[in-house]
file start03.txt (compact mmCIF, C-alpha atoms and all ligand atoms)
# COMPACT_ATOMS: atom_id res chain seq x y z
CA MET A 663 92.81 1.87 -3.74
CA SER A 664 95.32 4.12 -1.98
CA PRO A 665 96.23 3.18 1.58
CA ASP A 666 94.48 5.04 4.41
CA PRO A 667 96.94 7.84 5.30
CA THR A 668 95.62 8.27 8.85
CA PRO A 669 94.84 4.92 10.43
CA THR A 670 92.40 5.23 13.31
CA PRO A 671 94.05 5.34 16.73
CA LEU A 672 94.20 2.15 18.69
CA THR A 673 92.05 2.29 21.81
CA THR A 674 93.79 1.17 24.99
CA THR A 675 91.70 1.14 28.14
CA VAL A 676 93.09 1.13 31.65
CA TRP A 677 90.84 0.32 34.61
CA TRP A 678 92.05 1.19 38.11
CA ALA A 679 90.72 -0.52 41.20
CA HIS A 680 91.43 0.15 44.85
CA THR A 681 91.86 -2.95 46.99
CA SER A 682 88.85 -1.85 49.08
CA ALA A 683 86.72 -2.94 46.08
CA ALA A 684 87.69 -6.61 46.60
CA SER A 685 84.63 -8.56 47.65
CA SER A 686 84.21 -12.28 48.32
CA ARG A 687 81.29 -12.20 45.86
CA LEU A 688 83.82 -11.72 43.03
CA VAL A 689 85.34 -15.15 43.80
CA ARG A 690 82.71 -16.93 41.72
CA LEU A 691 84.14 -15.18 38.65
CA LEU A 692 87.43 -17.08 39.02
CA ASP A 693 88.01 -20.42 37.34
CA GLU A 694 89.13 -23.43 39.37
CA GLY A 695 92.86 -22.86 38.85
CA GLU A 696 92.59 -19.21 39.81
CA ARG A 697 90.57 -20.06 42.91
CA THR A 698 93.14 -22.61 44.02
CA ARG A 699 95.93 -20.08 43.50
CA ASN A 700 93.97 -17.38 45.27
CA GLU A 701 93.46 -19.58 48.33
CA ARG A 702 97.20 -20.29 48.52
CA PHE A 703 98.14 -16.64 49.17
CA ARG A 704 98.85 -16.31 52.88
CA LEU A 705 98.11 -12.59 53.08
CA GLN A 706 94.59 -11.21 52.61
CA ALA A 707 96.11 -8.25 50.71
CA ASP A 708 97.65 -10.64 48.14
CA ARG A 709 94.34 -12.51 47.80
CA ASP A 710 92.48 -9.23 47.24
CA ARG A 711 94.94 -7.98 44.59
CA HIS A 712 94.91 -11.27 42.68
CA LEU A 713 91.11 -11.58 42.91
CA LEU A 714 90.52 -8.04 41.66
CA GLY A 715 92.97 -8.39 38.75
CA ARG A 716 91.43 -11.59 37.42
CA ALA A 717 87.81 -10.54 38.11
CA MET A 718 88.31 -7.16 36.41
CA ALA A 719 89.95 -8.83 33.39
CA ARG A 720 86.98 -11.23 32.99
CA LEU A 721 84.37 -8.51 33.44
CA ALA A 722 86.08 -6.06 31.06
CA LEU A 723 86.66 -8.69 28.37
CA ALA A 724 83.08 -9.95 28.71
CA GLU A 725 81.82 -6.40 28.24
CA LEU A 726 84.06 -5.79 25.22
CA SER A 727 83.34 -9.07 23.48
CA GLY A 728 79.64 -9.06 24.34
CA CYS A 729 79.43 -12.36 26.21
CA PRO A 730 78.86 -13.45 29.81
CA PRO A 731 81.99 -13.39 32.03
CA GLU A 732 81.83 -17.16 32.57
CA PHE A 733 82.62 -17.59 28.83
CA ILE A 734 85.96 -15.80 29.24
CA ALA A 735 88.85 -18.23 29.60
CA PHE A 736 92.58 -17.58 29.90
CA ASP A 737 95.71 -19.45 28.95
CA LEU A 738 99.27 -18.62 30.00
CA ARG A 739 102.31 -18.03 27.80
CA CYS A 740 105.86 -17.35 28.91
CA ARG A 741 107.93 -15.98 26.03
CA SER A 742 111.20 -16.53 27.92
CA CYS A 743 110.44 -20.25 28.15
CA GLU A 744 109.31 -20.41 24.53
CA ASP A 745 112.62 -18.81 23.48
CA LYS A 746 114.56 -21.29 25.66
CA GLU A 747 112.68 -24.21 24.15
CA ARG A 748 113.38 -22.97 20.62
CA ALA A 749 117.09 -22.81 21.49
CA GLY A 750 116.91 -26.45 22.67
CA ALA A 751 117.29 -25.61 26.38
CA GLU A 752 115.23 -26.92 29.33
CA ARG A 753 112.15 -24.85 30.18
CA ASP A 754 110.06 -24.47 33.31
CA ARG A 755 107.07 -26.84 32.78
CA SER A 756 104.86 -25.40 35.52
CA PRO A 757 101.99 -23.18 34.30
CA HIS A 758 103.16 -19.56 34.33
CA GLY A 759 103.51 -16.48 32.17
CA LYS A 760 101.32 -13.79 30.67
CA PRO A 761 97.62 -14.60 30.68
CA PHE A 762 95.76 -14.15 27.41
CA PRO A 763 92.14 -14.77 26.46
CA ILE A 764 91.08 -17.86 24.57
CA GLY A 765 87.57 -18.62 23.32
CA ALA A 766 84.99 -15.83 23.28
CA ALA A 767 87.45 -12.97 23.88
CA GLN A 768 90.23 -14.30 21.64
CA GLY A 769 91.96 -11.42 19.85
CA TRP A 770 91.86 -9.08 22.84
CA GLU A 771 95.01 -8.65 24.89
CA PHE A 772 95.38 -7.54 28.49
CA SER A 773 97.83 -7.04 31.29
CA VAL A 774 97.35 -6.85 35.05
CA SER A 775 99.53 -5.26 37.72
CA HIS A 776 99.10 -4.84 41.45
CA SER A 777 101.09 -3.04 44.09
CA GLY A 778 100.15 -1.73 47.53
CA GLU A 779 96.51 -0.63 47.41
CA TRP A 780 96.15 -0.46 43.64
CA VAL A 781 95.32 -2.85 40.82
CA ALA A 782 95.57 -1.83 37.14
CA LEU A 783 94.14 -3.64 34.14
CA ALA A 784 95.05 -2.58 30.58
CA VAL A 785 93.19 -3.94 27.53
CA THR A 786 93.85 -3.59 23.79
CA GLU A 787 92.58 -5.36 20.70
CA GLY A 788 94.99 -7.26 18.48
CA VAL A 789 98.31 -5.98 19.83
CA PRO A 790 100.24 -6.79 23.01
CA VAL A 791 99.93 -4.54 26.04
CA GLY A 792 101.75 -4.37 29.36
CA VAL A 793 100.98 -2.40 32.51
CA ASP A 794 103.01 -1.99 35.66
CA VAL A 795 102.32 -0.23 38.96
CA GLU A 796 104.93 0.10 41.67
CA ARG A 797 104.59 1.47 45.17
CA VAL A 798 107.51 3.75 45.98
CA ALA A 799 109.01 1.99 49.00
CA PRO A 800 112.33 2.91 50.60
CA ALA A 801 114.80 0.22 49.49
CA ARG A 802 117.56 -1.00 51.83
CA ASP A 803 120.09 -1.11 49.01
CA LEU A 804 118.81 1.31 46.39
CA ASP A 805 122.26 1.67 44.77
CA GLY A 806 122.56 -2.11 44.38
CA LEU A 807 119.03 -2.37 43.03
CA ALA A 808 119.66 0.47 40.55
CA GLY A 809 122.85 -1.25 39.35
CA TYR A 810 120.90 -4.45 38.68
CA THR A 811 117.91 -2.69 37.08
CA LEU A 812 119.03 0.35 35.10
CA ALA A 813 120.78 0.32 31.72
CA ASP A 814 124.04 2.35 31.61
CA PRO A 815 122.55 5.61 30.20
CA GLU A 816 119.64 5.37 32.66
CA HIS A 817 122.04 4.74 35.53
CA ARG A 818 124.17 7.78 34.62
CA ALA A 819 121.08 10.04 34.56
CA TRP A 820 119.75 8.51 37.80
CA ALA A 821 123.08 8.85 39.66
CA GLY A 822 123.12 12.57 38.74
CA LEU A 823 119.86 13.17 40.66
CA GLY A 824 119.77 14.49 44.21
CA GLU A 825 119.09 12.01 47.06
CA PRO A 826 115.44 12.94 47.66
CA GLU A 827 114.46 12.32 44.01
CA ARG A 828 116.31 9.06 43.57
CA THR A 829 113.82 6.64 45.10
CA GLY A 830 110.82 7.93 43.10
CA ALA A 831 112.92 8.14 39.93
CA PHE A 832 114.08 4.54 40.37
CA TYR A 833 110.50 3.26 40.56
CA GLY A 834 109.57 5.50 37.60
CA TYR A 835 112.21 3.75 35.49
CA TRP A 836 111.18 0.35 36.82
CA ALA A 837 107.47 0.84 35.98
CA ARG A 838 108.22 1.96 32.39
CA LYS A 839 110.67 -0.88 31.78
CA GLU A 840 108.52 -3.58 33.35
CA ALA A 841 105.40 -2.40 31.49
CA LEU A 842 107.35 -2.98 28.26
CA LEU A 843 108.74 -6.34 29.36
CA LYS A 844 105.24 -7.45 30.36
CA ALA A 845 103.86 -6.38 26.99
CA THR A 846 106.43 -8.62 25.25
CA GLY A 847 105.41 -11.57 27.47
CA LEU A 848 109.04 -11.97 28.60
CA GLY A 849 108.43 -10.50 32.03
CA LEU A 850 111.40 -9.78 34.25
CA SER A 851 113.33 -12.73 32.85
CA GLY A 852 113.61 -10.61 29.68
CA GLY A 853 116.19 -8.57 31.62
CA LEU A 854 115.47 -5.07 32.90
CA ARG A 855 118.96 -3.83 31.94
CA ARG A 856 118.38 -4.66 28.26
CA VAL A 857 115.68 -2.03 28.04
CA THR A 858 116.43 1.70 27.98
CA VAL A 859 113.64 4.21 28.48
CA SER A 860 113.61 7.99 28.84
CA ALA A 861 114.33 9.56 32.24
CA PRO A 862 111.33 9.85 34.60
CA HIS A 863 111.21 13.67 34.39
CA GLU A 864 110.96 13.42 30.57
CA ALA A 865 107.94 12.21 28.56
CA ALA A 866 107.79 8.41 28.60
CA GLU A 867 109.57 6.96 25.61
CA PHE A 868 111.15 3.65 24.68
CA VAL A 869 114.78 4.36 23.70
CA SER A 870 116.53 1.07 22.92
CA TRP A 871 116.73 -2.70 23.42
CA GLU A 872 120.01 -4.55 23.73
CA GLY A 873 120.43 -7.93 22.02
CA GLY A 874 117.99 -10.09 20.07
CA GLY A 875 114.21 -10.27 20.34
CA ALA A 876 113.61 -6.48 20.21
CA PRO A 877 109.90 -5.64 20.33
CA GLY A 878 109.57 -3.34 17.28
CA PRO A 879 107.59 -0.11 17.64
CA VAL A 880 106.54 0.68 21.20
CA TRP A 881 104.02 3.22 22.51
CA LEU A 882 104.78 4.07 26.13
CA SER A 883 103.01 6.31 28.62
CA ASP A 884 103.06 6.96 32.35
CA LEU A 885 99.80 6.64 34.27
CA GLU A 886 98.73 9.03 37.00
CA ARG A 887 98.48 7.71 40.56
CA GLU A 888 99.02 9.04 44.05
CA ALA A 889 102.46 10.47 44.91
CA GLU A 890 103.76 7.20 46.36
CA TYR A 891 103.10 5.16 43.23
CA ARG A 892 104.64 5.02 39.75
CA SER A 893 102.94 3.30 36.84
CA ALA A 894 103.19 2.95 33.10
CA VAL A 895 101.53 1.25 30.15
CA ALA A 896 103.25 -0.06 27.00
CA VAL A 897 101.55 -1.03 23.74
CA LEU A 898 103.47 -2.81 20.99
CA THR A 899 102.24 -0.79 18.02
CA ASP A 900 103.31 1.89 15.54
CA ARG A 901 99.80 3.37 15.59
CA ALA A 902 98.68 6.37 17.59
CA VAL A 903 97.08 5.24 20.83
CA ASP A 904 93.88 6.63 22.29
CA LEU A 905 94.38 5.97 26.00
CA ARG A 906 91.18 5.83 28.06
CA VAL A 907 91.58 5.65 31.79
CA ARG A 908 88.78 4.58 34.11
CA THR A 909 89.03 5.84 37.69
CA ALA A 910 88.51 3.51 40.64
CA GLN A 911 84.93 4.83 41.02
CA GLU A 912 84.20 4.23 37.32
CA THR A 913 85.65 0.71 37.57
CA VAL A 914 83.31 -0.02 40.47
CA SER A 915 80.22 1.38 38.75
CA GLU A 916 80.99 0.06 35.24
CA LEU A 917 82.52 -3.34 36.03
CA LEU A 918 82.38 -4.44 39.63
CA ALA A 919 79.12 -3.08 41.08
CA ALA A 920 76.79 -5.63 39.55
CA ARG A 921 78.97 -8.45 40.87
CA SER A 922 79.83 -7.32 44.37
C1 LIG B 1001 105.37 -12.01 36.41
C2 LIG B 1001 106.07 -10.69 36.67
C3 LIG B 1001 106.11 -9.87 35.41
C4 LIG B 1001 105.26 -10.00 37.77
O1 LIG B 1001 105.79 -8.80 38.19
P1 LIG B 1001 105.36 -8.11 39.57
O2 LIG B 1001 105.85 -6.70 39.55
O3 LIG B 1001 105.78 -8.99 40.68
O4 LIG B 1001 103.80 -8.16 39.60
P2 LIG B 1001 102.67 -7.38 38.80
O5 LIG B 1001 101.58 -7.20 39.78
O6 LIG B 1001 103.15 -6.17 38.08
O7 LIG B 1001 102.20 -8.40 37.65
C5 LIG B 1001 101.61 -9.61 37.98
C6 LIG B 1001 100.82 -10.11 36.79
O8 LIG B 1001 101.62 -10.17 35.62
C7 LIG B 1001 101.07 -11.19 34.77
N1 LIG B 1001 102.19 -11.97 34.26
C8 LIG B 1001 102.73 -13.10 34.73
N2 LIG B 1001 103.77 -13.48 33.95
C9 LIG B 1001 103.89 -12.58 32.97
C10 LIG B 1001 104.75 -12.43 31.83
N3 LIG B 1001 105.72 -13.30 31.57
N4 LIG B 1001 104.56 -11.37 31.02
C11 LIG B 1001 103.59 -10.48 31.26
N5 LIG B 1001 102.73 -10.55 32.31
C12 LIG B 1001 102.89 -11.60 33.15
C13 LIG B 1001 100.03 -11.95 35.58
O9 LIG B 1001 98.75 -11.52 35.16
C14 LIG B 1001 100.30 -11.50 37.00
O10 LIG B 1001 99.17 -11.34 37.81
P3 LIG B 1001 98.23 -12.52 38.30
O11 LIG B 1001 99.07 -13.72 38.44
O12 LIG B 1001 97.61 -12.03 39.57
O13 LIG B 1001 97.22 -12.64 37.22
C15 LIG B 1001 107.51 -10.93 37.17
O14 LIG B 1001 107.50 -11.38 38.49
C16 LIG B 1001 108.22 -11.94 36.29
O15 LIG B 1001 108.56 -11.66 35.16
N6 LIG B 1001 108.45 -13.13 36.78
C17 LIG B 1001 109.04 -14.19 36.00
C18 LIG B 1001 110.42 -14.38 36.46
C19 LIG B 1001 111.00 -15.70 36.10
O16 LIG B 1001 112.16 -15.77 35.89
N7 LIG B 1001 110.23 -16.78 36.05
C20 LIG B 1001 110.77 -18.09 35.81
C21 LIG B 1001 110.20 -18.76 34.60
S1 LIG B 1001 110.56 -17.91 33.12
ZN ZN B 1002 108.97 -19.03 31.83
call {"tool": "encode", "arguments": {"input": "start03.txt", "output": "structure tokens"}}
result
Amino acid sequence: MSPDPTPTPLTTTVWWAHTSAASSRLVRLLDEGERTRNERFRLQADRDRHLLGRAMARLALAELSGCPPEFIAFDLRCRSCEDKERAGAERDRSPHGKPFPIGAAQGWEFSVSHSGEWVALAVTEGVPVGVDVERVAPARDLDGLAGYTLADPEHRAWAGLGEPERTGAFYGYWARKEALLKATGLGLSGGLRRVTVSAPHEAAEFVSWEGGGAPGPVWLSDLEREAEYRSAVAVLTDRAVDLRVRTAQETVSELLAARS
């Protein structure tokens, strides 16, 4: 049999939620560890963002795998620590890293990000995904932050921008790079400067990775949000991606309404 010349696109779904959708009735969706962590946040805004992210992930994965949300369980994996361990170095033993489903929703992958008033959840089947949302906030030392975050070609392009564009452009780079690092499971300890992406005014594209552990083919896209936010989603695949985005209202009616 000849191979299929046009493999079907990989569906990636992004659900947006506004923090106003956080409701105490969602708390019962959290497992014990999540509840304990949620209670430890000092700020209500942090509790709301964390609650929404985990509740949305459970509800979406339950829907996709056709089981009740209480059957959805997560484990955590930190690829940075796994790499350290493999190299014989000490690793952080506390539970941390990228959550992934075990049990009923095994095989699905997801990523959560929260910033300001927005929470994003991205879900794929069978391949890693990462999402990042950043609120554009004036930074005290933007030059210093850019030096620590941007790879040399990115930094050259960024430094050539006029003052008013620089802050938004910086967060545009950050969101694209962190979405990719979150997809790999390395997170920020993977090193933002190792990753080069296209400039924010160009179509989102992964350009290069410095050093070992490169991710292979990457599909990268920006996500639309209000003017003061930047966000991006990365999928580790060579397939075409069919990106489906659910608005905050759709997330409420499709996922959260029955529970809140
Ligand atoms: C975790 C991390 C990616 C979060 O970035 P952020 O911009 O502050 O926050 P975001 O809202 O975008 O993402 C948070 C979510 O990322 C997920 N996450 C945590 N670790 C992750 C990892 N290694 N890879 C991918 N996703 C991760 C979690 O779901 C978390 O949300 P939750 O705890 O509410 O469920 C970043 O802080 C990081 O990489 N930290 C690790 C740094 C480090 O050196 N740790 C020491 C041990 S290796
Ligand atoms: Zn770690």
call {"tool": "residues_near_ligand", "arguments": {"input": "start03.txt", "ligand": "ligand LIG 1001 (chain B)", "cutoff": "8 Å", "atoms": "only C-alpha atoms and all ligand atoms", "output": "VMD selection string"}}
result
chain A and resid 711 to 713 715 to 716 738 to 743 753 to 754 758 to 761 773 to 777 781 792 to 796 840 to 841 843 to 852
call {"tool": "write_last_selection", "arguments": {"input": "start03.txt", "atoms": "C-alpha atoms", "output": "PDB file, in the frame of the given file"}}
result
ATOM      1  CA  ARG A 711      94.940  -7.980  44.590  1.00  0.00           C
ATOM      2  CA  HIS A 712      94.910 -11.270  42.680  1.00  0.00           C
ATOM      3  CA  LEU A 713      91.110 -11.580  42.910  1.00  0.00           C
ATOM      4  CA  GLY A 715      92.970  -8.390  38.750  1.00  0.00           C
ATOM      5  CA  ARG A 716      91.430 -11.590  37.420  1.00  0.00           C
ATOM      6  CA  LEU A 738      99.270 -18.620  30.000  1.00  0.00           C
ATOM      7  CA  ARG A 739     102.310 -18.030  27.800  1.00  0.00           C
ATOM      8  CA  CYS A 740     105.860 -17.350  28.910  1.00  0.00           C
ATOM      9  CA  ARG A 741     107.930 -15.980  26.030  1.00  0.00           C
ATOM     10  CA  SER A 742     111.200 -16.530  27.920  1.00  0.00           C
ATOM     11  CA  CYS A 743     110.440 -20.250  28.150  1.00  0.00           C
ATOM     12  CA  ARG A 753     112.150 -24.850  30.180  1.00  0.00           C
ATOM     13  CA  ASP A 754     110.060 -24.470  33.310  1.00  0.00           C
ATOM     14  CA  HIS A 758     103.160 -19.560  34.330  1.00  0.00           C
ATOM     15  CA  GLY A 759     103.510 -16.480  32.170  1.00  0.00           C
ATOM     16  CA  LYS A 760     101.320 -13.790  30.670  1.00  0.00           C
ATOM     17  CA  PRO A 761      97.620 -14.600  30.680  1.00  0.00           C
ATOM     18  CA  SER A 773      97.830  -7.040  31.290  1.00  0.00           C
ATOM     19  CA  VAL A 774      97.350  -6.850  35.050  1.00  0.00           C
ATOM     20  CA  SER A 775      99.530  -5.260  37.720  1.00  0.00           C
ATOM     21  CA  HIS A 776      99.100  -4.840  41.450  1.00  0.00           C
ATOM     22  CA  SER A 777     101.090  -3.040  44.090  1.00  0.00           C
ATOM     23  CA  VAL A 781      95.320  -2.850  40.820  1.00  0.00           C
ATOM     24  CA  GLY A 792     101.750  -4.370  29.360  1.00  0.00           C
ATOM     25  CA  VAL A 793     100.980  -2.400  32.510  1.00  0.00           C
ATOM     26  CA  ASP A 794     103.010  -1.990  35.660  1.00  0.00           C
ATOM     27  CA  VAL A 795     102.320  -0.230  38.960  1.00  0.00           C
ATOM     28  CA  GLU A 796     104.930   0.100  41.670  1.00  0.00           C
ATOM     29  CA  GLU A 840     108.520  -3.580  33.350  1.00  0.00           C
ATOM     30  CA  ALA A 841     105.400  -2.400  31.490  1.00  0.00           C
ATOM     31  CA  LEU A 843     108.740  -6.340  29.360  1.00  0.00           C
ATOM     32  CA  LYS A 844     105.240  -7.450  30.360  1.00  0.00           C
ATOM     33  CA  ALA A 845     103.860  -6.380  26.990  1.00  0.00           C
ATOM     34  CA  THR A 846     106.430  -8.620  25.250  1.00  0.00           C
ATOM     35  CA  GLY A 847     105.410 -11.570  27.470  1.00  0.00           C
ATOM     36  CA  LEU A 848     109.040 -11.970  28.600  1.00  0.00           C
ATOM     37  CA  GLY A 849     108.430 -10.500  32.030  1.00  0.00           C
ATOM     38  CA  LEU A 850     111.400  -9.780  34.250  1.00  0.00           C
ATOM     39  CA  SER A 851     113.330 -12.730  32.850  1.00  0.00           C
ATOM     40  CA  GLY A 852     113.610 -10.610  29.680  1.00  0.00           C
TER      41      GLY A 852
END
call {"tool": "closest_residue", "arguments": {"input": "start03.txt", "among": "A:Thr673, A:Ser756, A:Ser686, A:Gln911", "to": "ligand ZN 1002 (chain B)", "atoms": "all atoms listed in the file"}}
result
A:Ser756
call {"tool": "closest_residue", "arguments": {"input": "start03.txt", "among": "A:Trp871, A:Ala821, A:Asp884, A:Gln706", "to": "Gly806 of chain A", "atoms": "only C-alpha atoms"}}
result
A:Ala821
call {"tool": "residues_near_point", "arguments": {"input": "start03.txt", "point": "(89.9, -14.4, 20.8)", "cutoff": "12 Å", "atoms": "all atoms listed in the file", "output": "list in words"}}
result
Leu723, Ala724, Leu726, Ser727, Cys729, Phe733, Ile734, Ala735, Phe736, Asp737, Phe762, Pro763, Ile764, Gly765, Ala766, Ala767, Gln768, Gly769, Trp770, Glu771, Phe772, Thr786, Glu787, Gly788 and Val789 of chain A
call {"tool": "closest_residue", "arguments": {"input": "start03.txt", "among": "A:Arg838, A:Arg906, A:Arg855, A:Arg720", "to": "Thr674 of chain A", "atoms": "all atoms listed in the file"}}
result
A:Arg906
call {"tool": "residues_around", "arguments": {"input": "start03.txt", "residues": "segment 831-835 of chain A", "least_positions_apart": "4", "cutoff": "9 Å", "atoms": "only C-alpha atoms", "output": "JSON, numbers by chain"}}
result
{"A": [796, 797, 798, 799, 804, 807, 808, 811, 812, 816, 820, 823, 827, 839, 840, 858, 859, 860, 861, 862, 863, 884, 891, 892, 893, 894]}
call {"tool": "closest_residue", "arguments": {"input": "start03.txt", "among": "A:Asp745, A:Glu864, A:Asp803, A:Ser915", "to": "ligand ZN 1002 (chain B)", "atoms": "only C-alpha atoms and all ligand atoms"}}
result
A:Asp745
call {"tool": "atom_distance", "arguments": {"input": "start03.txt", "atom1": "atom CA of Arg690 of chain A", "atom2": "atom ZN of ligand ZN 1002 (chain B)"}}
result
28.1 Å
call {"tool": "closest_residue", "arguments": {"input": "start03.txt", "among": "A:Ala837, A:Ala751, A:Ala889, A:Ala876", "to": "ligand ZN 1002 (chain B)", "atoms": "all atoms listed in the file"}}
result
A:Ala751
call {"tool": "atom_distance", "arguments": {"input": "start03.txt", "atom1": "atom CA of Arg856 of chain A", "atom2": "atom ZN of ligand ZN 1002 (chain B)"}}
result
17.5 Å
call {"tool": "closest_residue", "arguments": {"input": "start03.txt", "among": "A:Ala707, A:Asn700, A:Leu783, A:Glu744", "to": "ligand ZN 1002 (chain B)", "atoms": "only C-alpha atoms and all ligand atoms"}}
result
A:Glu744
call {"tool": "atom_distance", "arguments": {"input": "start03.txt", "atom1": "atom CA of Glu732 of chain A", "atom2": "atom CA of Met718 of chain A"}}
result
12.5 Å
call {"tool": "residues_around", "arguments": {"input": "start03.txt", "residues": "Trp881 of chain A", "least_positions_apart": "3", "cutoff": "10 Å", "atoms": "all atoms listed in the file", "output": "VMD selection string"}}
result
chain A and resid 791 842 866 to 868 895 to 903
call {"tool": "residues_around", "arguments": {"input": "start03.txt", "residues": "Ala910 of chain A", "least_positions_apart": "6", "cutoff": "12 Å", "atoms": "only C-alpha atoms", "output": "list in words"}}
result
Val676, Trp677, Trp678, Ala679, His680, Thr681, Ser682, Ala683, Ala684, Leu714, Met718, Glu779, Trp780, Val781, Ala782, Leu783, Arg887, Glu916, Leu917, Leu918 and Ala919 of chain A
call {"tool": "decode", "arguments": {"input": "start03.txt", "residues": "segment 747-781 of chain A", "atoms": "C-alpha atoms", "output": "CSV table (one decimal), in the first residue's frame"}}
result
chain,number,residue,atom,x,y,z
A,747,GLU,CA,19.3,13.0,36.2
A,748,ARG,CA,20.4,11.3,33.0
A,749,ALA,CA,23.6,13.3,33.2
A,750,GLY,CA,24.2,12.1,36.8
A,751,ALA,CA,23.5,15.5,38.4
A,752,GLU,CA,21.2,16.3,41.4
A,753,ARG,CA,17.6,17.0,40.5
A,754,ASP,CA,14.8,18.9,42.3
A,755,ARG,CA,12.8,16.2,44.0
A,756,SER,CA,9.7,18.3,44.7
A,757,PRO,CA,6.7,17.7,42.5
A,758,HIS,CA,6.8,20.1,39.6
A,759,GLY,CA,6.8,20.3,35.8
A,760,LYS,CA,4.4,20.0,32.9
A,761,PRO,CA,1.1,18.3,33.8
A,762,PHE,CA,0.0,15.5,31.6
A,763,PRO,CA,-3.0,13.2,31.7
A,764,ILE,CA,-2.8,9.6,33.1
A,765,GLY,CA,-5.6,7.1,33.1
A,766,ALA,CA,-8.7,7.8,31.1
A,767,ALA,CA,-7.3,10.7,29.1
A,768,GLN,CA,-3.8,9.2,28.5
A,769,GLY,CA,-2.6,10.0,25.0
A,770,TRP,CA,-4.0,13.6,25.1
A,771,GLU,CA,-1.6,16.4,25.8
A,772,PHE,CA,-2.3,19.9,27.1
A,773,SER,CA,-0.8,23.1,28.3
A,774,VAL,CA,-2.1,25.9,30.5
A,775,SER,CA,-1.1,29.5,30.7
A,776,HIS,CA,-2.4,32.4,32.7
A,777,SER,CA,-1.6,36.1,32.8
A,778,GLY,CA,-3.6,39.1,34.0
A,779,GLU,CA,-7.3,38.4,33.3
A,780,TRP,CA,-6.8,35.5,30.9
A,781,VAL,CA,-6.4,31.8,31.0
